[in-house]
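For reference, input.cif (mmCIF, C-alpha atoms):
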data_query
#
loop_
_atom_site.label_atom_id
_atom_site.label_comp_id
_atom_site.auth_asym_id
_atom_site.auth_seq_id
_atom_site.Cartn_x
_atom_site.Cartn_y
_atom_site.Cartn_z
CA MET A 713 18.80 -12.21 103.75
CA LYS A 714 15.11 -12.98 103.30
CA ILE A 715 13.95 -14.08 99.88
CA ASN A 716 10.35 -13.43 98.89
CA TYR A 717 8.74 -15.80 96.38
CA THR A 718 5.93 -14.66 94.14
CA SER A 719 3.16 -17.18 93.48
CA LEU A 720 2.65 -18.00 89.80
CA ASN A 721 -1.09 -18.10 90.31
CA SER A 722 -2.46 -17.08 93.69
CA SER A 723 -6.04 -18.01 92.72
CA LEU A 724 -5.06 -21.70 92.61
CA GLU A 725 -4.07 -21.65 96.27
CA ILE A 726 -7.39 -19.98 97.10
CA ASN A 727 -9.23 -22.70 95.16
CA LYS A 728 -7.39 -25.40 97.06
CA ARG A 729 -8.41 -23.90 100.41
CA GLN A 730 -12.03 -23.68 99.19
CA ILE A 731 -12.04 -27.38 98.35
CA GLN A 732 -10.45 -28.37 101.64
CA MET A 733 -12.99 -26.34 103.61
CA SER A 734 -15.88 -27.74 101.56
CA ILE A 735 -14.93 -31.40 102.08
CA ALA A 736 -13.91 -31.01 105.75
CA PRO A 737 -16.58 -32.04 108.30
CA LYS A 738 -18.78 -29.11 109.26
CA THR A 739 -19.21 -27.99 112.86
CA SER A 740 -22.55 -28.48 114.60
CA LYS A 741 -23.14 -24.74 114.45
CA GLU A 742 -22.76 -24.73 110.69
CA ASP A 743 -25.04 -27.76 110.41
CA ASN A 744 -27.78 -25.89 112.26
CA LYS A 745 -27.33 -22.86 110.07
CA TYR A 746 -27.52 -24.73 106.76
CA GLU A 747 -29.57 -27.76 107.77
CA ASN A 748 -32.07 -27.26 104.94
CA ARG A 749 -29.43 -26.96 102.18
CA ILE A 750 -26.91 -29.58 101.04
CA ASP A 751 -24.23 -28.24 98.70
CA PRO A 752 -21.82 -30.20 96.45
CA LEU A 753 -18.66 -31.58 98.08
CA VAL A 754 -16.51 -29.53 95.69
CA PRO A 755 -17.67 -26.00 94.80
CA VAL A 756 -18.92 -26.01 91.22
CA ASP A 757 -17.31 -22.68 90.34
CA VAL A 758 -13.89 -23.93 91.48
CA ALA A 759 -14.23 -27.14 89.47
CA GLN A 760 -15.46 -25.20 86.46
CA TYR A 761 -12.44 -22.88 86.56
CA LEU A 762 -9.95 -25.78 86.62
CA ILE A 763 -11.71 -27.69 83.84
CA LEU A 764 -11.91 -24.69 81.52
CA GLN A 765 -8.22 -23.94 82.11
CA ASN A 766 -7.02 -27.50 81.49
CA ASN A 767 -7.62 -29.02 78.06
CA ARG A 768 -6.51 -32.52 79.08
CA LEU A 769 -8.95 -32.57 82.01
CA ASP A 770 -11.83 -31.31 79.87
CA LYS A 771 -11.13 -33.86 77.15
CA SER A 772 -10.81 -36.75 79.62
CA ILE A 773 -14.23 -35.92 81.08
CA ARG A 774 -15.84 -35.86 77.63
CA ILE A 775 -14.12 -39.09 76.54
CA LEU A 776 -15.15 -41.06 79.62
CA ALA A 777 -18.76 -39.80 79.39
CA GLN A 778 -18.86 -40.84 75.72
CA ASP A 779 -17.49 -44.31 76.36
CA VAL A 780 -19.81 -44.96 79.31
CA ILE A 781 -23.17 -43.74 77.97
CA LEU A 782 -23.14 -43.14 74.17
CA ASN A 783 -23.76 -46.80 73.38
CA GLU A 784 -26.64 -49.12 72.60
CA PHE A 785 -29.07 -49.86 75.45
CA THR A 786 -30.26 -53.46 75.64
CA PHE A 787 -33.20 -54.32 77.92
CA LEU A 788 -33.25 -57.83 79.38
CA TYR A 789 -36.53 -59.26 80.64
CA ASP A 790 -37.65 -62.88 80.90
CA LYS A 791 -41.28 -61.91 80.26
CA GLU A 792 -42.92 -60.27 77.27
CA SER A 793 -43.71 -56.60 77.91
CA ASP A 794 -45.73 -54.20 75.77
CA ILE A 795 -43.90 -51.21 77.27
CA GLU A 796 -40.38 -52.40 76.38
CA GLU A 797 -40.25 -50.62 73.01
CA THR A 798 -41.49 -47.38 74.61
CA VAL A 799 -38.78 -47.60 77.27
CA ALA A 800 -36.07 -48.31 74.69
CA ASN A 801 -37.19 -45.38 72.49
CA PHE A 802 -37.26 -43.00 75.47
CA TRP A 803 -33.59 -43.59 76.32
CA LYS A 804 -32.55 -43.65 72.67
CA ASN A 805 -34.22 -40.30 71.96
CA ASN A 806 -32.74 -38.67 75.08
CA ILE A 807 -29.23 -40.07 74.90
CA ASN A 808 -27.68 -36.66 74.17
CA GLU A 809 -29.22 -35.07 77.30
CA LEU A 810 -28.03 -38.05 79.31
CA TYR A 811 -24.54 -37.58 77.86
CA LYS A 812 -24.46 -33.91 78.96
CA GLN A 813 -25.70 -34.96 82.37
CA LEU A 814 -22.90 -37.52 82.68
CA GLN A 815 -20.28 -34.92 81.71
CA GLU A 816 -21.40 -32.83 84.66
CA PHE A 817 -21.28 -35.88 86.92
CA TYR A 818 -17.61 -36.41 86.08
CA SER A 819 -16.94 -32.68 86.34
CA TYR A 820 -18.70 -31.84 89.61
CA GLY A 821 -19.73 -35.13 91.21
CA PHE A 822 -23.40 -34.92 90.18
CA GLY A 823 -25.62 -34.26 87.17
CA ALA A 824 -29.35 -33.73 86.70
CA SER A 825 -32.11 -33.56 84.09
CA GLU A 826 -35.73 -32.48 84.28
CA VAL A 827 -38.22 -35.17 83.23
CA ILE A 828 -41.00 -34.04 80.85
CA PHE A 829 -44.12 -36.21 80.83
CA ASP A 830 -46.59 -36.88 78.03
CA GLU A 831 -49.93 -35.33 79.00
CA LYS A 832 -51.93 -38.08 77.27
CA THR A 833 -50.12 -41.20 78.47
CA GLY A 834 -48.59 -39.84 81.68
CA LEU A 835 -45.28 -41.49 80.74
CA PRO A 836 -41.89 -39.76 80.51
CA LYS A 837 -41.15 -38.51 77.01
CA GLU A 838 -38.16 -36.14 77.29
CA LEU A 839 -35.15 -35.23 79.44
CA TYR A 840 -33.70 -31.71 79.69
CA GLN A 841 -30.26 -31.46 81.25
CA ILE A 842 -30.04 -28.82 84.01
CA PRO A 843 -26.75 -26.88 84.47
CA ALA A 844 -25.08 -28.05 87.67
CA GLU A 845 -24.06 -24.54 88.76
CA THR A 846 -27.76 -23.69 89.26
CA LEU A 847 -28.58 -26.68 91.50
CA TYR A 848 -28.44 -27.70 95.14
CA ILE A 849 -30.31 -30.19 97.35
CA LYS A 850 -32.91 -28.94 99.83
CA GLN A 851 -33.76 -30.96 102.93
CA ASP A 852 -37.18 -30.48 104.55
CA HIS A 853 -37.98 -32.08 107.89
CA HIS A 854 -41.43 -33.04 109.13
CA LYS A 855 -42.25 -33.74 112.77
CA ASP A 856 -45.06 -36.01 113.88
CA TYR A 857 -46.30 -34.25 117.03
CA GLU A 858 -48.06 -37.37 118.30
CA THR A 859 -45.02 -39.68 118.12
CA GLY A 860 -42.28 -37.03 118.06
CA GLU A 861 -40.71 -38.78 115.07
CA ILE A 862 -38.92 -36.57 112.51
CA THR A 863 -38.85 -37.53 108.82
CA TYR A 864 -36.99 -35.86 105.98
CA SER A 865 -37.82 -35.10 102.35
CA TYR A 866 -35.27 -34.11 99.74
CA TYR A 867 -35.70 -31.91 96.69
CA ALA A 868 -33.52 -30.58 93.90
CA VAL A 869 -33.68 -26.79 93.72
CA GLN A 870 -32.74 -24.80 90.63
CA LYS A 871 -31.70 -21.29 91.51
CA ILE A 872 -31.51 -18.80 88.63
CA ASP A 873 -30.70 -15.12 89.21
CA GLY A 874 -33.74 -12.90 88.92
CA LYS A 875 -36.24 -15.77 88.80
CA PRO A 876 -38.12 -17.77 91.46
CA ASP A 877 -36.41 -20.96 92.63
CA VAL A 878 -37.70 -24.15 91.01
CA LYS A 879 -38.30 -26.98 93.47
CA MET A 880 -38.23 -30.50 91.98
CA LYS A 881 -38.86 -34.04 93.17
CA LEU A 882 -35.97 -36.50 92.85
CA SER A 883 -36.80 -39.59 90.79
CA ARG A 884 -35.07 -41.85 93.31
CA PHE A 885 -37.52 -41.03 96.16
CA THR A 886 -41.28 -41.33 96.72
CA TYR A 887 -43.29 -38.28 97.84
CA ASP A 888 -46.62 -37.41 99.38
CA GLN A 889 -49.60 -36.29 97.31
CA GLU A 890 -48.96 -32.65 98.21
CA ASP A 891 -45.85 -32.78 95.98
CA ASP A 892 -47.64 -34.21 92.93
CA ASP A 893 -47.55 -30.92 91.04
CA LEU A 894 -43.78 -30.46 91.39
CA PRO A 895 -41.50 -31.15 88.38
CA THR A 896 -39.44 -34.33 88.48
CA CYS A 897 -35.63 -34.42 88.38
CA PHE A 898 -33.56 -37.41 87.25
CA TRP A 899 -30.46 -37.18 89.47
CA LEU A 900 -27.08 -38.88 89.06
CA GLY A 901 -24.69 -38.69 91.98
CA GLY A 902 -24.08 -39.90 95.50
CA GLY A 903 -23.60 -43.28 97.06
CA LYS A 904 -20.06 -43.75 98.31
CA THR A 905 -19.32 -40.35 99.85
CA SER A 906 -22.65 -38.59 100.12
CA GLU A 907 -26.26 -39.42 99.38
CA PHE A 908 -26.35 -36.88 96.57
CA TYR A 909 -22.80 -35.96 95.58
CA GLU A 910 -19.58 -37.73 94.75
CA ILE A 911 -16.03 -36.42 95.02
CA PRO A 912 -14.99 -35.82 91.37
CA TYR A 913 -12.51 -38.36 90.01
CA TRP A 914 -9.98 -35.64 89.17
CA LEU A 915 -9.65 -34.28 92.72
CA PRO A 916 -6.67 -36.50 93.74
CA ALA A 917 -4.73 -34.85 90.89
CA PHE A 918 -5.60 -31.32 92.04
CA ASN A 919 -1.94 -30.35 92.57
CA SER A 920 -1.00 -31.64 89.10
CA ILE A 921 -3.93 -29.83 87.49
CA SER A 922 -2.98 -26.62 89.29
CA ALA A 923 0.66 -26.97 88.27
CA LYS A 924 -0.30 -27.44 84.62
CA VAL A 925 -2.57 -24.37 84.72
CA ALA A 926 0.27 -22.34 86.24
CA LEU A 927 2.72 -23.57 83.58
CA ASP A 928 0.33 -22.62 80.77
CA GLU A 929 -0.12 -19.16 82.25
CA LEU A 930 3.65 -18.78 82.60
CA ASN A 931 4.16 -19.65 78.93
CA ALA A 932 1.43 -17.25 77.85
CA LYS A 933 2.99 -14.49 79.95
CA LYS A 934 6.40 -15.06 78.37
CA ILE A 935 4.93 -14.84 74.88
CA ASN A 936 2.86 -11.74 75.65
CA GLU A 937 5.83 -9.97 77.15
CA GLY A 938 8.14 -11.03 74.32
CA ASN A 939 10.59 -12.68 76.70
CA LEU A 940 11.79 -15.29 74.22
CA MET A 941 15.28 -14.03 73.42
CA SER A 942 17.82 -16.81 73.01
CA GLY A 943 20.73 -14.62 74.12
CA ILE A 944 22.45 -11.24 74.26
CA LEU A 945 25.53 -10.38 72.24
CA VAL A 946 27.40 -7.69 74.19
CA ILE A 947 29.91 -5.58 72.25
CA ARG A 948 32.18 -3.19 74.12
CA ARG A 949 34.19 -0.87 71.87
CA PRO A 950 36.01 2.42 71.88
CA PRO A 951 34.01 5.63 71.26
CA ALA A 952 32.48 5.93 67.80
CA ILE A 953 33.67 8.48 65.33
CA GLU A 954 31.68 11.70 65.76
CA GLY A 955 29.89 11.40 62.42
CA GLU A 956 28.76 7.78 63.08
CA LYS A 957 27.36 8.28 66.59
CA GLU A 958 23.70 9.03 65.64
CA GLU A 959 23.59 6.22 63.07
CA THR A 960 24.98 3.72 65.61
CA LYS A 961 22.36 4.73 68.16
CA LYS A 962 19.54 4.23 65.64
CA ASP A 963 20.85 0.74 64.70
CA LEU A 964 20.89 -0.26 68.36
CA GLU A 965 17.29 0.90 68.91
CA ASP A 966 16.11 -1.05 65.85
CA GLN A 967 17.83 -4.24 67.03
CA MET A 968 16.33 -3.99 70.51
CA THR A 969 12.86 -3.58 68.97
CA ASP A 970 13.27 -6.65 66.74
CA ALA A 971 14.90 -8.91 69.36
CA GLY A 972 11.68 -10.53 70.58
CA THR A 973 12.56 -14.04 69.48
CA GLY A 974 16.20 -13.79 68.45
CA ILE A 975 19.53 -12.45 69.68
CA LEU A 976 19.73 -8.98 71.17
CA VAL A 977 22.93 -7.14 70.23
CA MET A 978 23.99 -4.59 72.81
CA ASP A 979 26.53 -2.13 71.39
CA LEU A 980 28.15 -0.50 74.41
CA GLU A 981 30.36 2.53 73.83
CA SER A 982 33.22 3.05 76.27
CA PHE A 983 34.60 6.40 77.36
CA ASN A 984 38.08 4.93 77.36
CA THR A 985 39.70 5.37 74.00
CA GLU A 986 42.31 2.77 74.89
CA ILE A 987 39.87 -0.12 75.53
CA PRO A 988 40.16 -2.92 73.01
CA LEU A 989 37.15 -4.27 71.10
CA GLU A 990 35.42 -6.96 73.24
CA VAL A 991 32.60 -9.31 72.22
CA GLN A 992 30.70 -11.48 74.75
CA TYR A 993 27.65 -13.74 74.23
CA VAL A 994 25.31 -14.22 77.20
CA PRO A 995 22.77 -17.04 76.61
CA ILE A 996 19.27 -16.56 78.01
CA SER A 997 17.79 -19.96 78.69
CA GLU A 998 15.85 -21.50 81.55
CA GLN A 999 18.12 -24.06 83.14
CA ASN A 1000 15.08 -25.91 84.46
CA TYR A 1001 13.27 -26.05 81.09
CA SER A 1002 13.63 -29.84 80.84
CA TYR A 1003 12.23 -30.20 84.37
CA LEU A 1004 9.21 -28.05 83.55
CA SER A 1005 8.60 -29.94 80.32
CA GLU A 1006 8.68 -33.30 82.11
CA LEU A 1007 6.47 -31.87 84.86
CA ALA A 1008 3.83 -30.89 82.29
CA ASP A 1009 3.84 -34.45 80.89
CA ARG A 1010 3.51 -35.95 84.37
CA CYS A 1011 0.59 -33.64 85.13
CA ASP A 1012 -1.25 -34.87 82.02
CA GLU A 1013 -0.58 -38.50 82.94
CA ASP A 1014 -1.91 -37.95 86.47
CA ILE A 1015 -5.22 -36.76 85.02
CA LEU A 1016 -5.53 -39.83 82.78
CA ALA A 1017 -4.74 -42.06 85.76
CA CYS A 1018 -7.66 -40.55 87.71
CA PHE A 1019 -10.09 -41.52 84.94
CA SER A 1020 -8.32 -44.81 84.04
CA ILE A 1021 -8.17 -43.72 80.40
CA PRO A 1022 -5.32 -45.14 78.27
CA LYS A 1023 -3.29 -42.57 76.34
CA VAL A 1024 -4.06 -44.29 73.06
CA ARG A 1025 -7.80 -43.54 73.64
CA LEU A 1026 -6.96 -39.83 73.37
CA MET A 1027 -5.08 -40.59 70.14
CA ILE A 1028 -1.71 -40.17 71.87
CA ASP A 1029 0.49 -42.77 70.23
CA ASP A 1030 3.94 -42.45 71.81
CA VAL A 1031 4.76 -46.16 72.17
CA THR A 1032 6.43 -48.18 69.42
CA GLU A 1033 5.01 -51.67 68.97
CA SER A 1034 6.09 -54.57 66.84
CA MET A 1035 3.67 -55.93 64.23
CA ASN A 1036 2.92 -59.01 66.33
CA SER A 1037 2.42 -57.08 69.57
CA GLN A 1038 -0.97 -57.33 71.25
CA LYS A 1039 -0.25 -54.58 73.78
CA SER A 1040 -2.86 -52.15 72.43
CA ASN A 1041 -5.50 -54.89 72.37
CA THR A 1042 -4.68 -55.81 75.97
CA ILE A 1043 -4.96 -52.18 77.05
CA TYR A 1044 -8.34 -51.86 75.36
CA GLU A 1045 -9.54 -55.08 77.01
CA ILE A 1046 -8.64 -53.72 80.44
CA TYR A 1047 -10.22 -50.35 79.64
CA THR A 1048 -13.42 -52.01 78.40
CA LYS A 1049 -13.66 -54.02 81.61
CA SER A 1050 -13.32 -50.85 83.69
CA LEU A 1051 -16.08 -49.24 81.57
CA GLU A 1052 -18.43 -52.11 82.37
CA ASN A 1053 -17.88 -51.51 86.09
CA GLU A 1054 -18.23 -47.75 85.57
CA GLN A 1055 -21.67 -48.25 83.99
CA LEU A 1056 -23.13 -50.17 86.95
CA PRO A 1057 -24.34 -47.24 89.12
CA PHE A 1058 -25.94 -45.56 86.11
CA GLU A 1059 -27.66 -48.79 85.08
CA ILE A 1060 -29.07 -49.06 88.61
CA GLU A 1061 -30.50 -45.51 88.44
CA ILE A 1062 -32.02 -46.18 85.01
CA ASN A 1063 -33.59 -49.43 86.28
CA LYS A 1064 -35.13 -47.57 89.24
CA PHE A 1065 -36.46 -44.89 86.90
CA ASN A 1066 -38.01 -47.46 84.53
CA LYS A 1067 -39.65 -49.32 87.39
CA GLU A 1068 -41.11 -46.16 88.95
CA TYR A 1069 -42.34 -44.31 85.85
CA PHE A 1070 -42.82 -47.02 83.20
CA GLU A 1071 -43.63 -49.92 85.56
CA TYR A 1072 -41.06 -51.89 83.60
CA GLU A 1073 -39.14 -54.60 85.48
CA GLY A 1074 -36.51 -55.42 82.85
CA ALA A 1075 -32.86 -54.60 83.51
CA VAL A 1076 -30.84 -52.37 81.19
CA ASP A 1077 -27.46 -53.43 79.87
CA ILE A 1078 -25.41 -50.55 78.43
CA GLN A 1079 -23.04 -51.83 75.78
CA THR A 1080 -19.38 -50.79 75.72
CA PRO A 1081 -17.80 -49.20 72.63
CA ILE A 1082 -15.92 -51.39 70.15
CA PHE A 1083 -12.48 -49.95 69.52
CA SER A 1084 -10.76 -50.48 66.18
CA ASP A 1085 -8.04 -52.76 67.50
CA LYS A 1086 -10.51 -54.93 69.37
CA LYS A 1087 -12.88 -55.05 66.38
CA GLU A 1088 -10.16 -56.32 64.07
CA VAL A 1089 -9.24 -59.12 66.49
CA GLU A 1090 -12.87 -60.19 66.99
CA VAL A 1091 -13.69 -60.13 63.25
CA ASN A 1092 -10.62 -62.24 62.53
CA SER A 1093 -11.73 -64.70 65.21
CA ILE A 1094 -15.14 -65.03 63.54
CA LEU A 1095 -13.55 -65.62 60.13
CA ASN A 1096 -11.22 -68.24 61.61
CA LEU A 1097 -14.21 -70.08 63.07
CA PHE A 1098 -15.92 -69.95 59.68
CA ASN A 1099 -12.84 -71.08 57.74
CA ASN A 1100 -12.46 -74.05 60.06
CA GLY A 1101 -16.07 -75.15 59.62
CA ILE A 1102 -17.27 -74.27 63.13
CA LEU A 1103 -19.69 -71.46 62.18
CA THR A 1104 -22.21 -71.78 59.37
CA LEU A 1105 -22.21 -69.27 56.54
CA GLY A 1106 -25.38 -67.61 57.86
CA GLU A 1107 -24.03 -67.36 61.43
CA THR A 1108 -20.85 -65.79 60.09
CA ILE A 1109 -22.72 -63.14 58.09
CA LYS A 1110 -24.88 -62.21 61.10
CA ALA A 1111 -21.85 -61.94 63.39
CA ILE A 1112 -19.82 -59.78 61.00
CA SER A 1113 -22.81 -57.53 60.21
CA MET A 1114 -22.76 -56.39 63.86
CA TYR A 1115 -19.29 -54.90 63.29
CA TYR A 1116 -20.00 -53.48 59.82
CA PRO A 1117 -23.65 -52.30 59.89
CA LYS A 1118 -23.17 -50.07 56.84
CA LEU A 1119 -21.96 -52.97 54.71
CA ARG A 1120 -25.51 -54.32 54.26
CA LEU A 1121 -24.32 -57.85 53.59
CA GLU A 1122 -27.73 -59.40 52.98
CA TYR A 1123 -28.61 -62.98 52.07
CA ASN A 1124 -31.66 -65.08 51.39
CA GLU A 1125 -32.36 -66.86 54.69
CA SER A 1126 -34.63 -69.37 52.94
CA ASN A 1127 -31.65 -70.69 50.98
CA PRO A 1128 -30.54 -73.84 52.89
CA ILE A 1129 -26.92 -73.44 51.81
CA PHE A 1130 -26.50 -70.66 54.38
CA ASN A 1131 -26.95 -73.31 57.09
CA GLU A 1132 -23.95 -75.24 55.75
CA ARG A 1133 -20.33 -75.12 56.88
CA PHE A 1134 -17.22 -74.46 54.81
CA CYS A 1135 -13.54 -75.14 55.41
CA ARG A 1136 -11.13 -72.73 53.77
CA GLY A 1137 -13.72 -71.87 51.17
CA ARG A 1138 -14.70 -75.46 50.39
CA PHE A 1139 -18.20 -76.77 51.00
CA LEU A 1140 -18.23 -79.57 53.63
CA GLY A 1141 -21.78 -80.96 53.12
CA LEU A 1142 -23.06 -83.73 50.90
CA THR A 1143 -26.27 -81.96 49.87
CA GLN A 1144 -26.58 -81.00 46.22
CA TYR A 1145 -27.72 -77.46 45.42
CA SER A 1146 -29.03 -75.87 42.28
CA ASN A 1147 -27.08 -73.26 40.33
CA ASN A 1148 -29.50 -70.55 41.52
CA GLU A 1149 -28.91 -71.46 45.15
CA LEU A 1150 -25.14 -71.47 44.65
CA SER A 1151 -25.19 -68.11 42.87
CA ASP A 1152 -26.61 -66.50 46.02
CA VAL A 1153 -23.41 -67.42 47.81
CA ASP A 1154 -20.82 -66.26 45.25
CA GLU A 1155 -20.73 -62.59 46.30
CA VAL A 1156 -20.69 -63.40 50.01
CA MET A 1157 -17.94 -66.01 49.69
CA SER A 1158 -15.71 -63.73 47.62
CA TRP A 1159 -16.01 -61.04 50.29
CA LEU A 1160 -15.25 -63.43 53.15
CA GLN A 1161 -12.12 -64.71 51.42
CA GLN A 1162 -10.67 -61.18 51.04
#
Go through the file and emit its structure as structure tokens.
Amino acid sequence: MKINYTSLNSSLEINKRQIQMSIAPKTSKEDNKYENRIDPLVPVDVAQYLILQNNRLDKSIRILAQDVILNEFTFLYDKESDIEETVANFWKNNINELYKQLQEFYSYGFGASEVIFDEKTGLPKELYQIPAETLYIKQDHHKDYETGEITYSYYAVQKIDGKPDVKMKLSRFTYDQEDDDLPTCFWLGGGKTSEFYEIPYWLPAFNSISAKVALDELNAKKINEGNLMSGILVIRRPPAIEGEKEETKKDLEDQMTDAGTGILVMDLESFNTEIPLEVQYVPISEQNYSYLSELADRCDEDILACFSIPKVRLMIDDVTESMNSQKSNTIYEIYTKSLENEQLPFEIEINKFNKEYFEYEGAVDIQTPIFSDKKEVEVNSILNLFNNGILTLGETIKAISMYYPKLRLEYNESNPIFNERFCRGRFLGLTQYSNNELSDVDEVMSWLQQ
């Protein structure tokens, strides 16, 4: 006997074949046909479908983009530069566009923004993020007929239905004067796999993502169809008395209508007057429910593993820790280190952009976020150094103010007592201070001792 299986979601299998065909090496015939167009390694519409259908994947992309880019930018340069403040303000004012661009990078393997220049200064002043589904890379080749040498130029092309295509220069390349009037595109993507595109981080978990989408659709189908009955109570009995037959039939119809999430009672009337009353309960439950539930959890964990995001970062606290445990702090330390490595390629692109358009040679250092557990440990370390006389009072206030900027813990820097050291609240120096100088310290010291 042949058993036919029905796919839970046939579109997922189609998406998988699309991705495999897109990543697979193209034949020489295809290369000739599309030699002037370079498309993403994973079709954007396929990636978009999976992300919109999977909440954990969508949230992981947003979380990683936040932790990588929505931080303070510090510019390091060993020479004084008049343009440094302009550069810092440019990235600060456009951080939200850069954040949207980075979300698309983690979604599709690339992200782009159009650069808007100030007409007076000629310097970049704004970024406008461009939707990835409208973009592709165009390759133009130029042949020198004297030498026979062929060179290539690359452009970002925005294709919008019903409008002319917009051809843009890529900020990472230099162009001839004939391209001066073209808009400029700040492009993130490429390096390891392709010059312009990366394979999205989530792709190794494609099967898990697909399985989770199918499970969600299965659950929605069960709810929509009302197939949530816990069981059927079957009653077989002799024929009803003639006067009760219509009333019994109506009761049965009402129970079947209301049995969406409870127990369906089936009142079966026998033609045999001698049959005894029989009651049987038939449970309706999926024997593999526990398997499906565990599968859904594993699918979510596979997604987090692709992005190296700890569960606690998504506010999933399913691990019990003792009061003295430092497990969460250790996890955050490892995650912070991975974020520093994750920022490197974006810092390189920003440095290239600054050098080309601002003529600024300083290197950018993108800070990493301070998580609550890590902040508490570091603040306690600062207070321990102060209480043991290693940090001065002024150094301590400056260090703690970085963690609590809204506290506004100000002090009079001209007061020499802030250059002194204390041990467990006791002044260690021999210098005598006036009452006015000591009064400046009272509020600060009471706060530090709390």
All residues 8 Å or closer to segment 778-781 of chain A, only C-alpha atoms, same chain fewer than 2 positions away omitted, as a ChimeraX atom specification: /A:774-776,783,807,810-811,814,1051-1052,1054-1055,1078,1080-1081
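Between atom CA of Glu1068 of chain A and atom CA of Val827 of chain A the separation is 12.7 Å.
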Give as a tab-separated table (two decimals) with C-alpha atoms, keeping the file's coordinate frame the residues that the PyMOL selection byres ((chain A and resi 1072) around 12) matches when applied to the coordinates above.
chain	number	residue	atom	x	y	z
A	787	PHE	CA	-33.20	-54.32	77.92
A	788	LEU	CA	-33.25	-57.83	79.38
A	789	TYR	CA	-36.53	-59.26	80.64
A	790	ASP	CA	-37.65	-62.88	80.90
A	791	LYS	CA	-41.28	-61.91	80.26
A	792	GLU	CA	-42.92	-60.27	77.27
A	793	SER	CA	-43.71	-56.60	77.91
A	794	ASP	CA	-45.73	-54.20	75.77
A	795	ILE	CA	-43.90	-51.21	77.27
A	796	GLU	CA	-40.38	-52.40	76.38
A	797	GLU	CA	-40.25	-50.62	73.01
A	798	THR	CA	-41.49	-47.38	74.61
A	799	VAL	CA	-38.78	-47.60	77.27
A	800	ALA	CA	-36.07	-48.31	74.69
A	835	LEU	CA	-45.28	-41.49	80.74
A	1062	ILE	CA	-32.02	-46.18	85.01
A	1063	ASN	CA	-33.59	-49.43	86.28
A	1064	LYS	CA	-35.13	-47.57	89.24
A	1065	PHE	CA	-36.46	-44.89	86.90
A	1066	ASN	CA	-38.01	-47.46	84.53
A	1067	LYS	CA	-39.65	-49.32	87.39
A	1068	GLU	CA	-41.11	-46.16	88.95
A	1069	TYR	CA	-42.34	-44.31	85.85
A	1070	PHE	CA	-42.82	-47.02	83.20
A	1071	GLU	CA	-43.63	-49.92	85.56
A	1073	GLU	CA	-39.14	-54.60	85.48
A	1074	GLY	CA	-36.51	-55.42	82.85
A	1075	ALA	CA	-32.86	-54.60	83.51
A	1076	VAL	CA	-30.84	-52.37	81.19
Within 12 Å of Lys855 of chain A using only C-alpha atoms, minus same-chain residues under 5 positions, as a ChimeraX atom specification: /A:860-865
Exercise: Tyr820 of chain A partners within 6 Å, all atoms listed in the file, chain neighbours under 3 positions left out, as an NGL selection string: :A and (816-817 or 912)
Do a neighbour search on Ser1020 of chain A at 12 Å with all atoms listed in the file, toss out local chain neighbours closer than 2 positions, and write the hits as a PDB file with C-alpha atoms, in the frame of the given file.
ATOM      1  CA  SER A 772     -10.810 -36.750  79.620  1.00  0.00           C
ATOM      2  CA  ILE A 773     -14.230 -35.920  81.080  1.00  0.00           C
ATOM      3  CA  ILE A 775     -14.120 -39.090  76.540  1.00  0.00           C
ATOM      4  CA  LEU A 776     -15.150 -41.060  79.620  1.00  0.00           C
ATOM      5  CA  ASP A 779     -17.490 -44.310  76.360  1.00  0.00           C
ATOM      6  CA  TYR A 913     -12.510 -38.360  90.010  1.00  0.00           C
ATOM      7  CA  TRP A 914      -9.980 -35.640  89.170  1.00  0.00           C
ATOM      8  CA  GLU A1013      -0.580 -38.500  82.940  1.00  0.00           C
ATOM      9  CA  ASP A1014      -1.910 -37.950  86.470  1.00  0.00           C
ATOM     10  CA  ILE A1015      -5.220 -36.760  85.020  1.00  0.00           C
ATOM     11  CA  LEU A1016      -5.530 -39.830  82.780  1.00  0.00           C
ATOM     12  CA  ALA A1017      -4.740 -42.060  85.760  1.00  0.00           C
ATOM     13  CA  CYS A1018      -7.660 -40.550  87.710  1.00  0.00           C
ATOM     14  CA  PRO A1022      -5.320 -45.140  78.270  1.00  0.00           C
ATOM     15  CA  LYS A1023      -3.290 -42.570  76.340  1.00  0.00           C
ATOM     16  CA  VAL A1024      -4.060 -44.290  73.060  1.00  0.00           C
ATOM     17  CA  ARG A1025      -7.800 -43.540  73.640  1.00  0.00           C
ATOM     18  CA  LEU A1026      -6.960 -39.830  73.370  1.00  0.00           C
ATOM     19  CA  ILE A1043      -4.960 -52.180  77.050  1.00  0.00           C
ATOM     20  CA  TYR A1044      -8.340 -51.860  75.360  1.00  0.00           C
ATOM     21  CA  ILE A1046      -8.640 -53.720  80.440  1.00  0.00           C
ATOM     22  CA  TYR A1047     -10.220 -50.350  79.640  1.00  0.00           C
ATOM     23  CA  THR A1048     -13.420 -52.010  78.400  1.00  0.00           C
ATOM     24  CA  LYS A1049     -13.660 -54.020  81.610  1.00  0.00           C
ATOM     25  CA  SER A1050     -13.320 -50.850  83.690  1.00  0.00           C
ATOM     26  CA  LEU A1051     -16.080 -49.240  81.570  1.00  0.00           C
ATOM     27  CA  ASN A1053     -17.880 -51.510  86.090  1.00  0.00           C
ATOM     28  CA  GLU A1054     -18.230 -47.750  85.570  1.00  0.00           C
TER      29      GLU A1054
END
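The shell of residues at most 12 Å from Gln765 of chain A, with all atoms listed in the file counted and near chain neighbours (fewer than 4 positions) removed, consists of Leu724, Val758, Ala759, Gln760, Tyr761, Leu769, Asp770, Lys771, Ile921, Ser922, Ala923, Lys924, Val925, Ala926, Leu927, Asp928 and Glu929 of chain A.
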